[in-house]
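Asker: Input structure: entry-v2.csv, which contains CSV, C-alpha atoms.
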chain,number,residue,atom,x,y,z
P,263,MET,CA,6.4,-2.4,-25.6
P,264,SER,CA,6.7,1.2,-24.3
P,265,LEU,CA,9.5,2.3,-22.1
P,266,PRO,CA,8.9,1.9,-18.3
P,267,MET,CA,9.3,5.4,-16.8
P,268,ASN,CA,7.7,5.1,-13.4
P,269,ARG,CA,10.2,5.2,-10.5
P,270,ASP,CA,8.4,2.4,-8.8
P,271,ALA,CA,11.5,0.9,-7.2
P,272,GLY,CA,12.4,4.0,-5.2
P,273,PRO,CA,13.8,7.5,-5.7
P,274,PHE,CA,17.3,6.2,-6.4
P,275,ASP,CA,16.6,3.1,-8.6
P,276,PRO,CA,15.7,2.5,-12.2
P,277,PRO,CA,12.1,1.6,-12.9
P,278,ARG,CA,11.5,-2.1,-12.2
P,279,GLY,CA,10.5,-2.6,-15.8
P,280,ILE,CA,13.8,-1.3,-17.0
P,281,SER,CA,15.7,-3.7,-14.7
P,282,ARG,CA,13.6,-6.6,-16.0
P,283,LEU,CA,14.4,-5.7,-19.6
P,284,ARG,CA,18.1,-5.6,-18.8
P,285,GLU,CA,18.0,-9.1,-17.3
P,286,THR,CA,15.8,-10.7,-20.0
P,287,ARG,CA,16.6,-8.8,-23.3
P,288,PRO,CA,19.2,-6.0,-23.0
P,289,VAL,CA,18.5,-4.9,-26.5
P,290,SER,CA,14.7,-4.7,-26.7
P,291,PRO,CA,12.3,-3.4,-29.4
P,292,LEU,CA,10.5,-0.3,-28.2
P,293,VAL,CA,7.3,1.4,-29.5
P,294,PHE,CA,7.5,5.1,-29.0
P,295,PRO,CA,4.3,7.1,-28.0
P,296,ASP,CA,4.2,8.5,-31.6
P,297,GLY,CA,4.1,5.0,-33.1
P,298,HIS,CA,7.8,4.8,-34.1
P,299,GLU,CA,9.3,1.3,-33.7
P,300,GLY,CA,12.8,1.7,-32.3
P,301,TRP,CA,15.0,0.1,-29.6
P,302,VAL,CA,16.0,0.5,-26.0
P,303,VAL,CA,19.4,-0.7,-24.8
P,304,THR,CA,19.9,-1.4,-21.1
P,305,GLY,CA,22.9,-3.8,-20.6
P,306,TYR,CA,26.3,-2.4,-19.7
P,307,ASP,CA,28.3,-4.0,-22.5
P,308,GLU,CA,25.6,-3.3,-25.1
P,309,VAL,CA,25.3,0.4,-24.1
P,310,ARG,CA,29.1,0.8,-24.4
P,311,GLN,CA,28.9,-0.8,-27.8
P,312,VAL,CA,26.2,1.5,-29.0
P,313,LEU,CA,27.9,4.7,-27.7
P,314,ALA,CA,31.3,3.7,-29.2
P,315,ASP,CA,29.9,2.8,-32.7
P,316,VAL,CA,29.8,5.8,-35.0
P,317,ARG,CA,27.1,4.1,-37.1
P,318,PHE,CA,24.7,5.2,-34.3
P,319,SER,CA,24.5,8.9,-35.1
P,320,SER,CA,23.9,11.7,-32.7
P,321,ARG,CA,22.6,14.1,-35.4
P,322,GLN,CA,19.1,15.4,-35.1
P,323,ASP,CA,19.0,16.5,-38.8
P,324,ILE,CA,18.9,13.1,-40.4
P,325,GLY,CA,15.6,11.8,-39.0
P,326,PRO,CA,12.7,12.9,-36.9
P,327,ILE,CA,13.1,13.0,-33.1
P,328,HIS,CA,11.1,10.4,-31.2
P,329,VAL,CA,10.9,10.6,-27.4
P,330,PRO,CA,9.9,7.6,-25.3
P,331,TRP,CA,7.7,9.5,-22.8
P,332,GLU,CA,4.2,10.8,-23.3
P,333,ALA,CA,4.5,14.5,-24.3
P,334,PRO,CA,1.0,15.7,-25.2
P,335,GLY,CA,2.2,19.2,-25.6
P,336,MET,CA,4.8,18.3,-28.2
P,337,PRO,CA,3.6,17.9,-31.8
P,338,VAL,CA,4.3,14.6,-33.7
P,339,SER,CA,6.6,15.3,-36.7
P,340,ASN,CA,8.1,13.1,-39.4
P,341,GLU,CA,10.6,15.8,-40.3
P,342,PRO,CA,14.2,16.0,-39.1
P,343,SER,CA,15.1,18.8,-36.7
P,344,PRO,CA,17.6,21.4,-38.1
P,345,GLN,CA,21.2,21.2,-37.0
P,346,VAL,CA,21.9,23.8,-34.4
P,347,PRO,CA,25.3,25.5,-35.0
P,348,GLY,CA,27.8,24.9,-32.2
P,349,LEU,CA,25.7,22.2,-30.5
P,350,PHE,CA,28.4,19.6,-30.9
P,351,ILE,CA,26.6,17.1,-28.6
P,352,SER,CA,24.2,16.6,-31.6
P,353,MET,CA,26.9,16.2,-34.2
P,354,ASP,CA,29.0,13.4,-35.6
P,355,PRO,CA,32.7,13.5,-36.6
P,356,PRO,CA,34.2,15.4,-38.4
P,357,ASP,CA,31.9,18.3,-37.4
P,358,HIS,CA,31.9,17.2,-33.8
P,359,SER,CA,35.6,16.6,-33.7
P,360,ARG,CA,36.3,20.1,-35.1
P,361,LEU,CA,34.3,21.9,-32.3
P,362,ARG,CA,35.3,19.6,-29.5
P,363,ARG,CA,39.0,20.1,-30.3
P,364,LYS,CA,38.5,23.8,-29.7
P,365,LEU,CA,37.5,23.1,-26.1
P,366,ILE,CA,39.9,20.4,-25.1
P,367,GLY,CA,42.5,22.9,-24.0
P,368,ALA,CA,40.0,24.6,-21.7
P,369,PHE,CA,39.1,21.4,-19.9
P,370,THR,CA,42.5,19.7,-19.5
P,371,VAL,CA,43.1,17.8,-16.2
P,372,ARG,CA,45.8,20.3,-15.4
P,373,ARG,CA,43.6,23.3,-15.8
P,374,MET,CA,40.8,21.6,-13.8
P,375,LYS,CA,43.4,20.8,-11.1
P,376,ALA,CA,44.3,24.4,-10.9
P,377,LEU,CA,40.7,25.3,-10.4
P,378,GLU,CA,40.4,23.1,-7.3
P,379,GLU,CA,41.4,25.8,-4.9
P,380,ARG,CA,38.9,28.3,-6.3
P,381,VAL,CA,36.1,25.7,-6.2
P,382,ALA,CA,36.9,25.0,-2.6
P,383,GLU,CA,36.6,28.8,-1.8
P,384,ILE,CA,33.2,29.0,-3.5
P,385,VAL,CA,32.0,25.9,-1.6
P,386,GLU,CA,33.1,27.5,1.7
P,387,GLN,CA,31.4,30.8,0.9
P,388,GLN,CA,28.2,29.0,0.2
P,389,LEU,CA,28.5,26.9,3.3
P,390,ASP,CA,28.9,30.1,5.3
P,391,SER,CA,25.7,31.4,3.8
P,392,LEU,CA,24.0,28.1,4.5
P,393,ALA,CA,25.1,28.1,8.2
P,394,ASN,CA,23.6,31.6,8.7
P,395,LEU,CA,20.2,30.4,7.7
P,396,THR,CA,17.6,29.0,10.2
P,397,PRO,CA,16.8,25.4,9.3
P,398,PRO,CA,14.9,23.8,7.7
P,399,VAL,CA,16.2,25.0,4.4
P,400,ASP,CA,16.0,23.8,0.8
P,401,LEU,CA,19.5,22.4,0.0
P,402,VAL,CA,18.8,22.6,-3.8
P,403,ARG,CA,18.3,26.4,-3.7
P,404,GLU,CA,20.8,27.3,-1.0
P,405,PHE,CA,23.7,25.0,-1.9
P,406,ALA,CA,23.4,22.4,-4.7
P,407,THR,CA,22.5,24.9,-7.4
P,408,PRO,CA,24.6,28.0,-6.4
P,409,VAL,CA,27.9,26.2,-6.2
P,410,PRO,CA,28.1,24.8,-9.8
P,411,SER,CA,26.4,28.0,-11.1
P,412,LEU,CA,29.0,30.2,-9.5
P,413,VAL,CA,31.8,28.0,-10.8
P,414,ILE,CA,30.6,27.7,-14.4
P,415,CYS,CA,29.7,31.4,-14.6
P,416,GLU,CA,33.2,32.4,-13.4
P,417,LEU,CA,34.8,29.9,-15.7
P,418,LEU,CA,32.9,30.9,-18.8
P,419,GLY,CA,32.8,34.6,-18.0
P,420,VAL,CA,29.0,34.8,-17.5
P,421,PRO,CA,27.9,37.5,-15.1
P,422,TYR,CA,26.5,35.7,-12.0
P,423,ALA,CA,23.9,38.4,-11.5
P,424,ASP,CA,22.2,37.0,-14.6
P,425,ARG,CA,21.9,33.5,-13.2
P,426,GLU,CA,18.3,33.5,-12.0
P,427,THR,CA,16.9,34.4,-15.4
P,428,PHE,CA,19.1,31.8,-17.1
P,429,GLN,CA,18.3,29.1,-14.6
P,430,ALA,CA,14.6,29.7,-14.9
P,431,ASN,CA,14.8,29.3,-18.6
P,432,SER,CA,17.0,26.2,-18.5
P,433,THR,CA,14.6,24.6,-16.0
P,434,GLN,CA,11.7,25.3,-18.3
P,435,PHE,CA,13.6,23.9,-21.2
P,436,LEU,CA,14.0,20.6,-19.4
P,437,VAL,CA,10.3,20.0,-18.8
P,438,LYS,CA,9.1,16.9,-20.6
P,439,ASP,CA,5.4,17.7,-21.1
P,440,GLN,CA,5.0,21.2,-22.5
P,441,GLU,CA,3.9,23.0,-25.6
P,442,LEU,CA,6.7,23.3,-28.2
P,443,GLU,CA,6.2,27.0,-28.2
P,444,THR,CA,7.0,27.2,-24.5
P,445,LYS,CA,10.2,25.1,-24.9
P,446,ILE,CA,11.3,27.2,-27.9
P,447,ALA,CA,10.6,30.4,-26.0
P,448,ALA,CA,12.9,29.3,-23.1
P,449,TYR,CA,15.6,28.2,-25.6
P,450,THR,CA,15.3,31.5,-27.5
P,451,ALA,CA,15.6,33.6,-24.4
P,452,MET,CA,18.8,31.7,-23.4
P,453,THR,CA,20.4,31.9,-26.9
P,454,THR,CA,19.5,35.6,-27.3
P,455,TYR,CA,21.2,36.4,-24.1
P,456,LEU,CA,24.2,34.3,-25.0
P,457,GLY,CA,24.4,35.9,-28.4
P,458,GLU,CA,24.8,39.3,-26.9
P,459,LEU,CA,27.3,38.0,-24.4
P,460,VAL,CA,29.6,36.3,-27.0
P,461,THR,CA,29.3,39.3,-29.3
P,462,GLY,CA,30.6,41.5,-26.5
P,463,LYS,CA,33.4,39.1,-25.8
P,464,ARG,CA,34.4,39.0,-29.4
P,465,ALA,CA,34.7,42.9,-29.3
P,466,GLU,CA,36.3,43.0,-25.9
P,467,PRO,CA,37.6,39.6,-24.7
P,468,GLY,CA,38.4,38.9,-21.1
P,469,GLU,CA,40.2,36.1,-19.2
P,470,ASP,CA,37.6,33.3,-19.5
P,471,ILE,CA,36.7,30.3,-21.7
P,472,LEU,CA,34.1,32.1,-23.8
P,473,SER,CA,36.6,35.0,-24.5
P,474,ASP,CA,39.2,32.4,-25.5
P,475,LEU,CA,36.7,30.9,-28.0
P,476,ALA,CA,35.5,34.3,-29.2
P,477,ARG,CA,39.1,35.1,-30.2
P,478,ASP,CA,39.0,32.2,-32.7
P,479,GLU,CA,37.9,33.7,-36.0
P,480,GLU,CA,37.1,30.2,-37.4
P,481,LEU,CA,34.1,30.1,-35.1
P,482,SER,CA,31.0,32.0,-36.2
P,483,VAL,CA,28.9,33.9,-33.6
P,484,GLU,CA,26.1,31.2,-34.1
P,485,GLU,CA,28.6,28.5,-33.3
P,486,LEU,CA,29.8,30.4,-30.2
P,487,VAL,CA,26.2,30.7,-29.0
P,488,GLY,CA,25.6,27.0,-29.4
P,489,ILE,CA,28.8,26.1,-27.6
P,490,ALA,CA,28.1,28.6,-24.8
P,491,PHE,CA,24.6,27.2,-24.4
P,492,LEU,CA,25.8,23.7,-24.1
P,493,LEU,CA,28.6,24.5,-21.6
P,494,LEU,CA,26.5,26.8,-19.4
P,495,PHE,CA,23.4,24.6,-19.4
P,496,ALA,CA,25.3,21.3,-18.9
P,497,GLY,CA,27.8,22.9,-16.5
P,498,HIS,CA,25.3,23.7,-13.8
P,499,GLU,CA,22.2,21.5,-14.3
P,500,THR,CA,23.9,18.1,-14.1
P,501,THR,CA,26.2,18.8,-11.2
P,502,ALA,CA,23.5,20.6,-9.2
P,503,ASN,CA,21.3,17.6,-9.5
P,504,MET,CA,24.0,15.2,-8.6
P,505,VAL,CA,24.9,17.1,-5.5
P,506,ALA,CA,21.3,17.3,-4.4
P,507,LEU,CA,20.3,13.7,-5.2
P,508,GLY,CA,23.7,12.5,-3.9
P,509,THR,CA,23.1,14.2,-0.5
P,510,PHE,CA,19.6,12.7,-0.4
P,511,ALA,CA,20.9,9.3,-1.1
P,512,LEU,CA,23.6,9.5,1.6
P,513,LEU,CA,21.1,10.8,4.1
P,514,GLU,CA,18.8,7.8,3.3
P,515,HIS,CA,21.7,5.4,3.6
P,516,PRO,CA,23.0,6.3,7.2
P,517,ASP,CA,25.4,3.4,7.3
P,518,GLN,CA,27.2,4.6,4.2
P,519,LEU,CA,27.1,8.2,5.4
P,520,ALA,CA,28.6,7.2,8.8
P,521,GLU,CA,31.4,5.3,7.0
P,522,LEU,CA,32.2,8.3,4.8
P,523,ARG,CA,32.2,10.6,7.8
P,524,ALA,CA,34.6,8.2,9.6
P,525,ALA,CA,36.9,7.9,6.6
P,526,PRO,CA,36.9,11.1,4.4
P,527,GLU,CA,39.6,9.6,2.3
P,528,LEU,CA,36.9,7.5,0.7
P,529,LEU,CA,35.4,10.6,-0.9
P,530,PRO,CA,36.8,10.1,-4.4
P,531,ASP,CA,35.5,6.5,-4.6
P,532,ALA,CA,32.2,7.6,-3.0
P,533,VAL,CA,31.8,10.3,-5.7
P,534,GLU,CA,32.3,7.7,-8.5
P,535,GLU,CA,29.9,5.3,-6.7
P,536,LEU,CA,27.2,8.1,-6.4
P,537,LEU,CA,27.7,8.9,-10.1
P,538,ARG,CA,27.2,5.2,-10.9
P,539,HIS,CA,24.3,4.6,-8.5
P,540,LEU,CA,22.3,7.7,-9.5
P,541,SER,CA,23.2,8.6,-13.1
P,542,VAL,CA,21.0,11.7,-13.3
P,543,VAL,CA,21.5,12.0,-17.1
P,544,ASP,CA,20.0,8.7,-17.9
P,545,LEU,CA,18.7,8.4,-21.4
P,546,PHE,CA,20.8,9.1,-24.5
P,547,PHE,CA,19.4,8.9,-28.0
P,548,ARG,CA,21.1,7.6,-31.2
P,549,TYR,CA,19.9,7.1,-34.8
P,550,ALA,CA,20.9,4.0,-36.7
P,551,VAL,CA,22.3,5.0,-40.1
P,552,GLU,CA,22.5,1.4,-41.3
P,553,ASP,CA,21.4,-2.0,-40.2
P,554,ILE,CA,23.6,-2.9,-37.1
P,555,GLU,CA,23.6,-6.1,-35.0
P,556,ILE,CA,23.9,-5.7,-31.3
P,557,ALA,CA,23.7,-8.7,-28.9
P,558,GLY,CA,22.1,-10.8,-31.6
P,559,GLU,CA,19.4,-8.2,-32.4
P,560,THR,CA,19.4,-6.4,-35.8
P,561,ILE,CA,18.7,-2.7,-35.4
P,562,THR,CA,17.4,-1.5,-38.7
P,563,GLU,CA,18.5,1.6,-40.5
P,564,GLY,CA,16.3,4.6,-39.5
P,565,SER,CA,15.6,3.3,-36.0
P,566,THR,CA,15.8,5.6,-32.9
P,567,VAL,CA,17.8,3.9,-30.2
P,568,VAL,CA,17.5,4.9,-26.5
P,569,VAL,CA,20.3,3.8,-24.2
P,570,SER,CA,19.8,3.9,-20.4
P,571,LEU,CA,23.0,4.8,-18.6
P,572,LEU,CA,21.3,4.2,-15.2
P,573,ALA,CA,20.3,0.6,-16.2
P,574,ALA,CA,23.8,0.0,-17.6
P,575,ASN,CA,25.5,1.3,-14.4
P,576,ARG,CA,23.3,-1.1,-12.4
P,577,ASP,CA,24.1,-4.2,-14.5
P,578,PRO,CA,25.1,-7.1,-12.2
P,579,ARG,CA,27.2,-8.5,-15.0
P,580,ARG,CA,29.5,-5.6,-14.6
P,581,PHE,CA,29.1,-4.5,-10.9
P,582,ASP,CA,28.7,-6.9,-7.9
P,583,ASP,CA,25.6,-6.1,-5.8
P,584,ALA,CA,24.9,-3.5,-8.4
P,585,ASP,CA,21.8,-2.1,-6.8
P,586,GLU,CA,23.6,-1.4,-3.5
P,587,LEU,CA,25.2,2.0,-2.7
P,588,ASP,CA,28.7,1.2,-1.4
P,589,VAL,CA,31.1,4.0,-0.8
P,590,HIS,CA,33.9,1.5,-0.6
P,591,ARG,CA,33.3,0.3,-4.2
P,592,LYS,CA,35.8,1.0,-7.0
P,593,ALA,CA,33.3,2.0,-9.6
P,594,ARG,CA,35.8,2.4,-12.4
P,595,GLY,CA,34.1,2.1,-15.7
P,596,GLN,CA,30.8,3.7,-14.6
P,597,MET,CA,29.2,5.5,-17.5
P,598,ALA,CA,27.4,8.4,-15.9
P,599,PHE,CA,29.4,10.7,-18.1
P,600,GLY,CA,28.6,8.6,-21.2
P,601,HIS,CA,31.1,6.8,-23.4
P,602,GLY,CA,32.9,7.2,-26.7
P,603,VAL,CA,33.5,10.4,-28.6
P,604,HIS,CA,30.7,12.2,-26.8
P,605,GLN,CA,31.9,11.4,-23.2
P,606,CYS,CA,31.3,14.5,-21.1
P,607,LEU,CA,34.0,17.1,-21.6
P,608,GLY,CA,33.5,18.7,-18.2
P,609,GLN,CA,33.6,15.5,-16.1
P,610,GLN,CA,36.7,16.4,-14.2
P,611,LEU,CA,35.2,19.7,-13.2
P,612,ALA,CA,32.0,17.9,-12.1
P,613,ARG,CA,34.1,15.5,-9.9
P,614,ILE,CA,36.0,18.4,-8.3
P,615,GLU,CA,32.7,20.2,-7.5
P,616,MET,CA,31.1,17.1,-6.1
P,617,ARG,CA,34.1,16.1,-3.9
P,618,ALA,CA,34.4,19.7,-2.5
P,619,GLY,CA,30.6,19.9,-2.0
P,620,PHE,CA,30.1,16.6,-0.2
P,621,GLU,CA,33.3,17.1,1.9
P,622,GLY,CA,32.2,20.5,3.0
P,623,LEU,CA,28.6,19.5,3.9
P,624,LEU,CA,29.8,16.5,5.9
P,625,ARG,CA,32.4,18.6,7.7
P,626,ARG,CA,30.3,21.7,8.5
P,627,PHE,CA,27.0,20.0,9.2
P,628,PRO,CA,27.7,16.8,11.2
P,629,SER,CA,24.0,16.5,12.2
P,630,LEU,CA,22.6,17.2,8.7
P,631,ARG,CA,19.4,15.2,8.2
P,632,MET,CA,16.2,15.2,6.2
P,633,ALA,CA,13.5,17.7,7.4
P,634,VAL,CA,10.6,15.8,5.7
P,635,PRO,CA,9.7,12.1,5.1
P,636,VAL,CA,11.1,10.6,2.0
P,637,ASP,CA,7.8,10.4,0.2
P,638,GLU,CA,7.3,14.2,0.5
P,639,VAL,CA,10.5,14.9,-1.5
P,640,ARG,CA,9.4,16.1,-5.0
P,641,LEU,CA,11.4,14.0,-7.6
P,642,ARG,CA,12.3,15.4,-11.0
P,643,THR,CA,10.4,12.7,-12.9
P,644,ASP,CA,8.9,15.4,-15.0
P,645,MET,CA,12.4,16.6,-16.3
P,646,THR,CA,14.9,15.2,-18.7
P,647,ILE,CA,17.7,15.5,-16.0
P,648,TYR,CA,16.7,13.6,-12.9
P,649,GLY,CA,17.1,14.8,-9.3
P,650,VAL,CA,14.9,16.5,-6.8
P,651,HIS,CA,13.1,19.8,-7.1
P,652,GLU,CA,13.7,20.7,-3.4
P,653,LEU,CA,15.6,18.9,-0.6
P,654,PRO,CA,14.4,20.2,2.8
P,655,VAL,CA,17.1,19.5,5.4
P,656,THR,CA,17.8,20.5,8.9
P,657,TRP,CA,20.6,20.3,11.5
P,658,ASP,CA,21.4,21.0,15.1
P,659,ARG,CA,22.4,24.6,15.7
In structure tokens, how does this file's structure come out?
Answerer:
Amino acid sequence: MSLPMNRDAGPFDPPRGISRLRETRPVSPLVFPDGHEGWVVTGYDEVRQVLADVRFSSRQDIGPIHVPWEAPGMPVSNEPSPQVPGLFISMDPPDHSRLRRKLIGAFTVRRMKALEERVAEIVEQQLDSLANLTPPVDLVREFATPVPSLVICELLGVPYADRETFQANSTQFLVKDQELETKIAAYTAMTTYLGELVTGKRAEPGEDILSDLARDEELSVEELVGIAFLLLFAGHETTANMVALGTFALLEHPDQLAELRAAPELLPDAVEELLRHLSVVDLFFRYAVEDIEIAGETITEGSTVVVSLLAANRDPRRFDDADELDVHRKARGQMAFGHGVHQCLGQQLARIEMRAGFEGLLRRFPSLRMAVPVDEVRLRTDMTIYGVHELPVTWDR
């Protein structure tokens, strides 16, 4: 079978075919569009098991990459992809461990806590700008994207004036169906820019995370570029889409929105629930380096394994009424940030930004509502990080 990709259950829900797989066979054989026979894992316990087992490799240089969606512009290759220096998300221990350890100090809970006040200031500034506009406006462009972009640029030491070029290239990089040359061109533009940036920081370091890393002589410039790419790319794309899609979900669940307005203290739990319910980074890929048994199924060596975080986070065996959005839910154990050694390093920062963003929107715009019908909202089904391309909203002035 092929992987069901059509969002036929609604903008916030997994494809119906994915949900059926989870209920009938949570570890299922999967035929990729290029003919590769691999697996898709959709159950909560099974996904946790795969992500925690180091025999499922994250490396891209030990086998060819197979994607489960039709990508006519991308060539079929039976060759492994080269390992990109510094891109530790595509590494296994000990290489992964060496690079991740370099960053743990930058993303401690204490350091993120100290950032809360600055994040709140950035949110308020962006809300002021939003309030000065005449609705309807696109919330993606005017709020959901600028907030995490400002935060991550400031944190890493990336000039905010360069954001538009970088965002254009990162958006292009995420398109599923495109010629390989186009994808490589977008990636090359980003890494060329970052190469110049980290070289400058190595010569004259400042007070930011990239400068701290540039001071470390054990890291090559190529590794610094890979790390910078991952942090800057992940640091704004994921949070921006969660803020936009989360706002869309709340506006389309007015009962939940009303309860959150009435009890703002629910916000931390509501953020966890939105992360669980939406899981904008859905599909993770692993490569079996030996025969491994999961849930009674033998995944053979050399197989590509796709895990669906969204399907796992909607597993009724783990969460009661799993398809319902419930801001009162204690969604502990949700896996929107992954699981195991690759669990998202910046998850605390993402939580801080989401809490500040949703709190500010609800407080400053009590009459916020959609400006177009639901079916006119353009969903990011064409991108590898889900969300909405635009979110037209309005309010009473």
Asker: Find the spatial neighbours of P:Glu555, counting all atoms listed in the file, within a cut-off of 12 Å - ignore same-chain residues fewer than 5 positions away - and output them as a list in words.
Answerer: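 In the requested format, the answer is Val289, Trp301, Glu308, Gln311, Val312, Asp315, Arg317, Phe318, Ala550, Thr560, Ile561, Thr562 and Glu563 of chain P.
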Asker: Which residue out of P:Pro347, P:Gly619, P:Gly300, P:Pro628 has the minimum interatomic distance to P:Asp323 when all atoms listed in the file are used?
Answerer: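 Selected residue with least distance to P:Asp323: P:Pro347.
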Asker: Between atom CA of P:Thr646 and atom CA of P:Val543, what is the distance, to one decimal in Å?
Answerer: 7.5 Å
Asker: If we count only C-alpha atoms and set the cut-off at 10 Å, which residues sit around stretch 635-644 of chain P, ignoring sequence neighbours fewer than 4 positions away in its own chain? Please answer as a ChimeraX atom specification.
Answerer: /P:267-269,272-274,331,436-439,503,507,510,514,542,648-654
Asker: So that I can check the surroundings of P:Leu529, please list as a ChimeraX atom specification every protein, DNA and RNA residue that reaches within 9 Å of it, counting only C-alpha atoms and ignoring chain neighbours fewer than 4 positions away.
Answerer: /P:522,525,533-534,589,617,620-621
